[in-house]
Structure formats: structure tokens, C-alpha cells
$ cat entry12.txt   # compact mmCIF, C-alpha atoms
# COMPACT_ATOMS: atom_id res chain seq x y z
CA MET A 4 -14.40 -25.10 -23.80
CA ALA A 5 -16.74 -27.76 -25.16
CA ALA A 6 -18.42 -30.09 -22.71
CA ALA A 7 -18.78 -33.79 -23.27
CA ALA A 8 -22.01 -34.37 -25.14
CA PRO A 9 -24.71 -35.57 -22.75
CA GLY A 10 -26.17 -38.81 -23.95
CA LEU A 11 -26.33 -40.29 -27.42
CA ILE A 12 -26.84 -37.80 -30.28
CA SER A 13 -28.51 -39.21 -33.39
CA VAL A 14 -28.82 -37.06 -36.50
CA PHE A 15 -31.25 -37.82 -39.35
CA SER A 16 -31.36 -36.39 -42.84
CA SER A 17 -34.95 -35.17 -42.45
CA PRO A 18 -37.75 -34.82 -39.89
CA GLN A 19 -39.56 -37.61 -41.73
CA GLU A 20 -36.71 -40.07 -41.21
CA LEU A 21 -36.39 -38.94 -37.60
CA GLY A 22 -40.10 -39.61 -37.06
CA VAL A 23 -39.84 -43.17 -38.38
CA SER A 24 -36.95 -43.96 -36.03
CA LEU A 25 -38.65 -42.25 -33.08
CA ALA A 26 -41.76 -44.39 -33.54
CA GLN A 27 -39.60 -47.51 -33.76
CA LEU A 28 -37.81 -46.55 -30.55
CA VAL A 29 -41.12 -46.05 -28.73
CA VAL A 30 -42.35 -49.48 -29.81
CA GLN A 31 -39.05 -51.14 -28.87
CA ARG A 32 -39.09 -49.56 -25.41
CA ALA A 33 -42.71 -50.67 -24.98
CA GLU A 34 -41.88 -54.28 -25.90
CA CYS A 35 -38.99 -54.31 -23.44
CA CYS A 36 -41.09 -52.87 -20.60
CA LEU A 37 -44.07 -55.13 -21.21
CA ALA A 38 -41.77 -58.12 -20.89
CA GLY A 39 -40.44 -56.81 -17.56
CA ALA A 40 -41.61 -57.14 -13.99
CA ARG A 41 -44.15 -54.30 -14.17
CA ALA A 42 -45.60 -55.55 -17.47
CA ARG A 43 -46.60 -52.05 -18.50
CA PHE A 44 -45.17 -49.15 -20.47
CA ALA A 45 -45.36 -45.60 -19.05
CA LEU A 46 -44.85 -42.97 -21.76
CA GLY A 47 -44.75 -39.20 -21.26
CA LEU A 48 -45.52 -37.04 -24.29
CA SER A 49 -44.82 -33.41 -25.14
CA GLY A 50 -46.71 -31.19 -27.55
CA GLY A 51 -45.73 -28.94 -30.45
CA SER A 52 -44.46 -30.56 -33.64
CA LEU A 53 -44.14 -33.90 -31.84
CA VAL A 54 -47.92 -34.39 -32.07
CA SER A 55 -48.04 -34.57 -35.86
CA MET A 56 -44.76 -36.51 -36.04
CA LEU A 57 -46.00 -39.25 -33.71
CA ALA A 58 -49.49 -39.23 -35.24
CA ARG A 59 -47.91 -39.84 -38.65
CA GLU A 60 -45.63 -42.73 -37.65
CA LEU A 61 -46.62 -44.37 -34.36
CA PRO A 62 -49.94 -46.09 -35.24
CA ALA A 63 -48.33 -48.17 -38.01
CA ALA A 64 -45.24 -48.91 -35.92
CA ALA A 65 -47.34 -50.07 -32.96
CA ALA A 66 -49.93 -52.01 -34.97
CA PRO A 67 -48.05 -55.37 -35.08
CA ALA A 68 -48.04 -55.53 -31.26
CA GLY A 69 -51.84 -55.56 -31.26
CA PRO A 70 -54.51 -54.20 -28.87
CA ALA A 71 -53.46 -56.47 -25.98
CA SER A 72 -50.10 -54.76 -25.90
CA LEU A 73 -51.50 -51.23 -26.22
CA ALA A 74 -53.91 -51.98 -23.36
CA ARG A 75 -50.85 -51.99 -21.08
CA TRP A 76 -49.51 -48.64 -22.28
CA MET A 77 -50.01 -45.69 -19.94
CA LEU A 78 -49.78 -42.15 -21.27
CA GLY A 79 -49.02 -38.97 -19.38
CA PHE A 80 -48.15 -35.50 -20.57
CA CYS A 81 -44.94 -33.68 -19.76
CA ASP A 82 -46.77 -30.39 -19.59
CA GLU A 83 -50.17 -29.05 -20.49
CA ARG A 84 -51.80 -25.72 -21.18
CA LEU A 85 -54.73 -24.84 -18.91
CA VAL A 86 -57.30 -24.62 -21.68
CA PRO A 87 -60.31 -26.80 -22.57
CA PHE A 88 -59.42 -30.00 -24.43
CA GLU A 89 -61.26 -28.65 -27.49
CA HIS A 90 -58.94 -25.61 -27.58
CA PRO A 91 -56.24 -25.67 -30.31
CA GLU A 92 -53.57 -25.10 -27.62
CA SER A 93 -54.51 -28.24 -25.65
CA THR A 94 -51.76 -30.82 -25.95
CA TYR A 95 -54.06 -33.67 -24.93
CA GLY A 96 -56.74 -32.36 -27.27
CA LEU A 97 -54.33 -32.48 -30.21
CA TYR A 98 -53.16 -35.99 -29.36
CA ARG A 99 -56.75 -37.13 -28.89
CA ALA A 100 -57.71 -35.87 -32.34
CA GLN A 101 -54.58 -36.85 -34.26
CA LEU A 102 -53.08 -39.91 -32.53
CA LEU A 103 -55.30 -41.55 -29.92
CA SER A 104 -58.17 -41.94 -32.38
CA ARG A 105 -55.83 -44.34 -34.26
CA LEU A 106 -53.98 -45.89 -31.33
CA PRO A 107 -56.34 -47.98 -29.17
CA ILE A 108 -54.99 -47.17 -25.72
CA PRO A 109 -57.78 -47.45 -23.13
CA GLU A 110 -59.07 -44.06 -22.02
CA GLY A 111 -58.44 -44.98 -18.40
CA GLN A 112 -54.75 -45.39 -19.19
CA VAL A 113 -54.39 -41.79 -20.40
CA ILE A 114 -53.64 -39.39 -17.54
CA THR A 115 -54.75 -35.81 -18.15
CA ILE A 116 -55.21 -32.60 -16.25
CA ASN A 117 -58.65 -31.30 -15.31
CA PRO A 118 -58.80 -28.02 -17.24
CA SER A 119 -61.86 -26.79 -15.32
CA LEU A 120 -59.77 -26.30 -12.14
CA SER A 121 -57.58 -23.36 -11.21
CA VAL A 122 -53.97 -23.76 -12.28
CA GLU A 123 -52.86 -24.58 -8.71
CA GLU A 124 -55.66 -27.13 -8.24
CA ALA A 125 -55.02 -28.62 -11.69
CA ALA A 126 -51.37 -29.20 -10.77
CA GLU A 127 -52.31 -30.84 -7.46
CA ASP A 128 -54.95 -32.99 -9.17
CA TYR A 129 -52.54 -34.13 -11.88
CA ALA A 130 -49.88 -34.94 -9.28
CA LYS A 131 -52.44 -37.03 -7.36
CA LYS A 132 -53.36 -38.95 -10.53
CA LEU A 133 -49.69 -39.62 -11.26
CA ARG A 134 -49.03 -40.85 -7.71
CA GLU A 135 -51.98 -43.23 -8.02
CA ALA A 136 -50.71 -44.49 -11.37
CA PHE A 137 -47.15 -44.90 -10.08
CA GLN A 138 -47.89 -46.47 -6.72
CA GLY A 139 -44.70 -47.65 -5.10
CA ASP A 140 -42.57 -44.92 -6.68
CA SER A 141 -41.56 -42.05 -4.39
CA ILE A 142 -41.22 -40.05 -7.62
CA PRO A 143 -43.06 -41.26 -10.75
CA VAL A 144 -40.63 -43.18 -12.95
CA PHE A 145 -41.62 -42.99 -16.61
CA ASP A 146 -40.18 -45.62 -18.92
CA LEU A 147 -39.83 -43.05 -21.69
CA LEU A 148 -40.23 -39.27 -21.79
CA ILE A 149 -40.23 -37.55 -25.18
CA LEU A 150 -39.28 -33.90 -24.76
CA GLY A 151 -39.16 -30.96 -27.10
CA ILE A 152 -36.95 -27.92 -26.80
CA GLY A 153 -37.63 -24.27 -27.52
CA PRO A 154 -35.23 -21.84 -29.21
CA ASP A 155 -34.75 -20.32 -25.73
CA GLY A 156 -33.75 -23.69 -24.26
CA HIS A 157 -37.00 -24.34 -22.41
CA THR A 158 -38.44 -27.84 -22.14
CA CYS A 159 -41.86 -28.85 -20.81
CA SER A 160 -43.01 -25.55 -19.28
CA LEU A 161 -39.68 -24.99 -17.54
CA PHE A 162 -38.32 -21.69 -18.81
CA PRO A 163 -34.90 -20.02 -18.44
CA ASP A 164 -34.29 -18.29 -15.10
CA HIS A 165 -37.72 -19.32 -13.79
CA PRO A 166 -38.06 -20.25 -10.08
CA LEU A 167 -39.57 -23.63 -11.06
CA LEU A 168 -36.07 -24.75 -12.07
CA GLN A 169 -35.29 -24.87 -8.34
CA GLU A 170 -38.34 -26.98 -7.44
CA LYS A 171 -37.23 -30.08 -5.55
CA GLU A 172 -40.37 -31.30 -3.74
CA LYS A 173 -43.31 -31.11 -6.14
CA ILE A 174 -43.63 -33.61 -8.97
CA VAL A 175 -46.05 -31.33 -10.84
CA ALA A 176 -46.02 -27.55 -10.66
CA PRO A 177 -48.36 -24.80 -11.79
CA ILE A 178 -47.07 -21.87 -13.80
CA SER A 179 -49.11 -18.70 -14.24
CA ASP A 180 -46.48 -16.51 -15.91
CA SER A 181 -45.30 -18.55 -18.87
CA PRO A 182 -43.35 -16.30 -21.23
CA LYS A 183 -44.89 -18.31 -24.05
CA PRO A 184 -48.70 -18.10 -24.31
CA PRO A 185 -50.99 -19.33 -22.93
CA PRO A 186 -49.58 -18.16 -19.57
CA GLN A 187 -51.28 -20.75 -17.34
CA ARG A 188 -49.80 -24.23 -17.55
CA VAL A 189 -49.10 -27.38 -15.57
CA THR A 190 -45.68 -29.02 -15.91
CA LEU A 191 -43.67 -31.97 -14.69
CA THR A 192 -40.69 -30.83 -12.63
CA LEU A 193 -37.01 -31.65 -13.00
CA PRO A 194 -37.10 -34.39 -10.29
CA VAL A 195 -39.57 -36.34 -12.45
CA LEU A 196 -37.69 -35.72 -15.70
CA ASN A 197 -34.47 -36.91 -14.09
CA ALA A 198 -36.10 -40.03 -12.60
CA ALA A 199 -37.11 -41.39 -16.01
CA ARG A 200 -35.59 -44.58 -17.39
CA THR A 201 -35.13 -43.01 -20.83
CA VAL A 202 -35.41 -39.38 -21.92
CA ILE A 203 -35.30 -38.45 -25.57
CA PHE A 204 -35.10 -34.87 -26.80
CA VAL A 205 -36.43 -34.25 -30.31
CA ALA A 206 -35.45 -31.09 -32.19
CA THR A 207 -35.76 -30.21 -35.86
CA GLY A 208 -35.07 -27.15 -37.96
CA GLU A 209 -32.38 -24.51 -38.23
CA GLY A 210 -34.07 -22.43 -35.54
CA LYS A 211 -32.90 -24.92 -32.91
CA ALA A 212 -29.25 -25.07 -34.05
CA ALA A 213 -27.83 -22.27 -31.88
CA VAL A 214 -29.49 -23.39 -28.64
CA LEU A 215 -28.49 -27.02 -29.23
CA LYS A 216 -24.86 -25.97 -29.59
CA ARG A 217 -25.13 -24.14 -26.25
CA ILE A 218 -26.72 -27.12 -24.50
CA LEU A 219 -24.57 -29.88 -25.96
CA GLU A 220 -21.19 -28.16 -26.19
CA ASP A 221 -20.90 -25.20 -23.81
CA HIS A 222 -20.21 -25.13 -20.10
CA GLU A 223 -22.62 -22.45 -18.88
CA GLU A 224 -22.64 -21.13 -15.36
CA ASN A 225 -26.43 -20.82 -15.54
CA PRO A 226 -27.50 -23.83 -17.64
CA LEU A 227 -30.60 -23.65 -19.80
CA PRO A 228 -33.57 -25.75 -18.62
CA ALA A 229 -33.03 -28.51 -21.18
CA ALA A 230 -29.40 -28.83 -20.05
CA LEU A 231 -30.64 -29.58 -16.53
CA VAL A 232 -32.29 -32.79 -17.74
CA GLN A 233 -29.70 -35.39 -16.77
CA PRO A 234 -31.41 -38.66 -15.75
CA HIS A 235 -29.86 -40.01 -12.54
CA THR A 236 -29.79 -43.64 -13.65
CA GLY A 237 -31.63 -43.47 -16.96
CA LYS A 238 -30.54 -42.97 -20.54
CA LEU A 239 -30.47 -39.60 -22.34
CA CYS A 240 -30.81 -39.42 -26.14
CA TRP A 241 -31.06 -36.62 -28.68
CA PHE A 242 -32.87 -37.09 -32.00
CA LEU A 243 -32.04 -34.20 -34.34
CA ASP A 244 -32.36 -33.49 -38.03
CA GLU A 245 -29.43 -32.14 -40.03
CA ALA A 246 -30.68 -28.56 -39.88
CA ALA A 247 -30.88 -28.59 -36.07
CA ALA A 248 -27.46 -30.27 -35.76
CA ARG A 249 -25.63 -28.08 -38.28
CA LEU A 250 -23.55 -26.16 -35.70
CA LEU A 251 -22.49 -29.16 -33.61
CA THR A 252 -18.84 -30.19 -33.45
CA VAL A 253 -19.26 -32.96 -30.86
CA PRO A 254 -19.44 -36.54 -32.14
CA PHE A 255 -22.84 -37.80 -33.23
CA GLU A 256 -24.28 -40.79 -35.05
CA LYS A 257 -25.61 -40.19 -38.53
CA HIS A 258 -28.68 -42.26 -39.32
CA SER A 259 -30.72 -43.01 -42.39
CA THR A 260 -33.83 -45.16 -42.58
CA LEU A 261 -33.58 -45.43 -46.36
$ encode --input "entry12.txt" --output "C-alpha cells"
Amino acid sequence: MAAAAPGLISVFSSPQELGVSLAQLVVQRAECCLAGARARFALGLSGGSLVSMLARELPAAAAPAGPASLARWMLGFCDERLVPFEHPESTYGLYRAQLLSRLPIPEGQVITINPSLSVEEAAEDYAKKLREAFQGDSIPVFDLLILGIGPDGHTCSLFPDHPLLQEKEKIVAPISDSPKPPPQRVTLTLPVLNAARTVIFVATGEGKAAVLKRILEDHEENPLPAALVQPHTGKLCWFLDEAAARLLTVPFEKHSTL
């Protein structure tokens, strides 16, 4: 039996159109947050194909707000591979090269791991940095988290049937046995994902279609990691292209930026 679709599902005709709308959403959320009581915008980024998508669209979308606005953005990373920043697998390294060189966010506002530490120490160090950045929050509350999803249903570095899915206390956890290389990673945990004000999943391509149908339509006794992301008080959105959404029968909104 199909489950009610979690959150708002938006489907775009192409990854390019999706990217334009994603960048617009980021900028709109930033404007709203900067006008609020905290007067800052806390954004959590994921790696993979999201890096090139955001690098292509976000600088132009954010440019009208100007440097004064970007100075109040704070960036964190939803997970990170324990490799040097110069390594091609480093999520921060890719963003630094492709996006941050064109988006003038102060370096002190970008929260990264210390890749020279052991994986356990790197997780503790990153958690400490987040607690300092989110003083007053018992659990860091990001204004917007942008998450990807693997064909196996993993998100961040939270993999199916992994013990980290049961983590309730830590806000950041180390993982040394990632089924996807490299094996050593640092990841936000479900309590942080579910504390966010807005979570948006981005998935493109036919290779994601089967797992999206499972997550968005099926009641599963042992839910996939991405299905466990259900913000307690925040908003959940799905940005998909037509190829990724091709098996869905639940209602969704069809979008076009043309």
C-alpha cells in the first residue's frame, strides 16, 4: 500500500531547470533568514553532483544580494570524506574550487572538518565547531540542508542497516566502514537532519527512480536512511528531474523555469 508522500515533491524537466530553481530557493531562504531574529543563514551542503549544480547556478542567483548578505551566510557540510582538502574526494575541496571561489562567503563562516585528525577525533572536532557556531541550540538547527540520495537509499554517510541510524546522542558521528569508498567519513546524524528548518532532497537520473519509489510510496518495516529524514517541525521537499520521478504514482508538482 502506498504511503502518503512525505513533503512537497517538485519535478523538473531537466537537471538544468532543477538547478536554477534550487539556487533560487537557497537565495529565498537566505533572504527570509537574514530578515529574522538571528539575522544569519545556516546552510548545510552535500557533495556528489550537487557541487557542480550549485556551482553553475548559485553565484548568479546570490549576486543581487551583495557581499553584505553573503557575509552572514554560514556553511556546513552534511558529511565529509576523511581525505585532504586537495583530494578529489573531498567535498569541501570541491566546493572550494568550484563554488566558494565565486561566492564571497567569509572563510571563517565555512565550517569544515580537520582532515589531519583520526576519524573519531575529526568527528568530535567538527561537532565542537558546530556547537560553537550554533550556541543556544541543544542540537544545531540548520535553516536549510540540501541532501543527496544514493541508489541504495543512503543520505549523508548514513547507509542502510548501519548502526549509525540508531544514533540518538551524537550530532556528528565517525564512520570507518562506509560501503562506498573512501571508508572513513564524518557525518551529521539523524537528530541534526530532523532538527533542520527546511530539508531538500535532490535526485536526478533514472538510476534513482526505483529507490525514490520505495522511499516516497512504500511502507517498509525497515525504512531506508533517506526515509528516516522527517523534520520534526521543519519542511521537507524533494526536487527531482523527470527521469528520477518516472516511477512515481503519488501526486507531485510539475515545474518549468522556461
$ atom_distance --input "entry12.txt" --atom1 "atom CA of A:Val86" --atom2 "atom CA of A:Ala125"
11.0 Å
$ residues_near_point --input "entry12.txt" --point "(-51.4, -47.6, -39.1)" --cutoff "12 Å" --atoms "all atoms listed in the file" --output "list of chain:residue names"
A:Ala26, A:Leu57, A:Ala58, A:Arg59, A:Glu60, A:Leu61, A:Pro62, A:Ala63, A:Ala64, A:Ala65, A:Ala66, A:Pro67, A:Ala68, A:Gly69, A:Leu102, A:Leu103, A:Ser104, A:Arg105, A:Leu106, A:Pro107
$ write_last_selection --input "entry12.txt" --atoms "C-alpha atoms" --output "mmCIF file, keeping the file's coordinate frame"
data_model
loop_
_atom_site.group_PDB
_atom_site.id
_atom_site.type_symbol
_atom_site.label_atom_id
_atom_site.label_comp_id
_atom_site.auth_asym_id
_atom_site.auth_seq_id
_atom_site.Cartn_x
_atom_site.Cartn_y
_atom_site.Cartn_z
ATOM 1 C CA ALA A 26 -41.760 -44.390 -33.540
ATOM 2 C CA LEU A 57 -46.000 -39.250 -33.710
ATOM 3 C CA ALA A 58 -49.490 -39.230 -35.240
ATOM 4 C CA ARG A 59 -47.910 -39.840 -38.650
ATOM 5 C CA GLU A 60 -45.630 -42.730 -37.650
ATOM 6 C CA LEU A 61 -46.620 -44.370 -34.360
ATOM 7 C CA PRO A 62 -49.940 -46.090 -35.240
ATOM 8 C CA ALA A 63 -48.330 -48.170 -38.010
ATOM 9 C CA ALA A 64 -45.240 -48.910 -35.920
ATOM 10 C CA ALA A 65 -47.340 -50.070 -32.960
ATOM 11 C CA ALA A 66 -49.930 -52.010 -34.970
ATOM 12 C CA PRO A 67 -48.050 -55.370 -35.080
ATOM 13 C CA ALA A 68 -48.040 -55.530 -31.260
ATOM 14 C CA GLY A 69 -51.840 -55.560 -31.260
ATOM 15 C CA LEU A 102 -53.080 -39.910 -32.530
ATOM 16 C CA LEU A 103 -55.300 -41.550 -29.920
ATOM 17 C CA SER A 104 -58.170 -41.940 -32.380
ATOM 18 C CA ARG A 105 -55.830 -44.340 -34.260
ATOM 19 C CA LEU A 106 -53.980 -45.890 -31.330
ATOM 20 C CA PRO A 107 -56.340 -47.980 -29.170
#
$ residues_around --input "entry12.txt" --residues "A:Ile218" --least-positions-apart "5" --cutoff "8 Å" --atoms "all atoms listed in the file" --output "VMD selection string"
chain A and resid 156 226 to 227 229 to 230
$ axis_aligned_box --input "entry12.txt" --around "stretch 236-241 of chain A" --padding-each-side "4 Å" --output "lines of an AutoDock Vina configuration file"
center_x = -30.7
center_y = -40.1
center_z = -21.2
size_x = 9.8
size_y = 15.0
size_z = 23.0
$ closest_residue --input "entry12.txt" --among "A:Pro228, A:Ala212, A:Ala100, A:Pro234" --to "A:Leu161" --atoms "only C-alpha atoms"
A:Pro228
$ residues_around --input "entry12.txt" --residues "A:Tyr95" --least-positions-apart "6" --cutoff "10 Å" --atoms "all atoms listed in the file" --output "PyMOL selection string"
chain A and resi 48-50+54+79-80+82-84+87-89+101-103+113-116
$ atom_distance --input "entry12.txt" --atom1 "atom CA of A:Leu46" --atom2 "atom CA of A:Leu150"
11.1 Å
$ residues_around --input "entry12.txt" --residues "A:Ser72" --least-positions-apart "5" --cutoff "9 Å" --atoms "only C-alpha atoms" --output "PDB file with C-alpha atoms, in the frame of the given file"
ATOM      1  CA  ALA A  33     -42.710 -50.670 -24.980  1.00  0.00           C
ATOM      2  CA  GLU A  34     -41.880 -54.280 -25.900  1.00  0.00           C
ATOM      3  CA  LEU A  37     -44.070 -55.130 -21.210  1.00  0.00           C
ATOM      4  CA  ARG A  43     -46.600 -52.050 -18.500  1.00  0.00           C
ATOM      5  CA  ALA A  65     -47.340 -50.070 -32.960  1.00  0.00           C
TER       6      ALA A  65
END
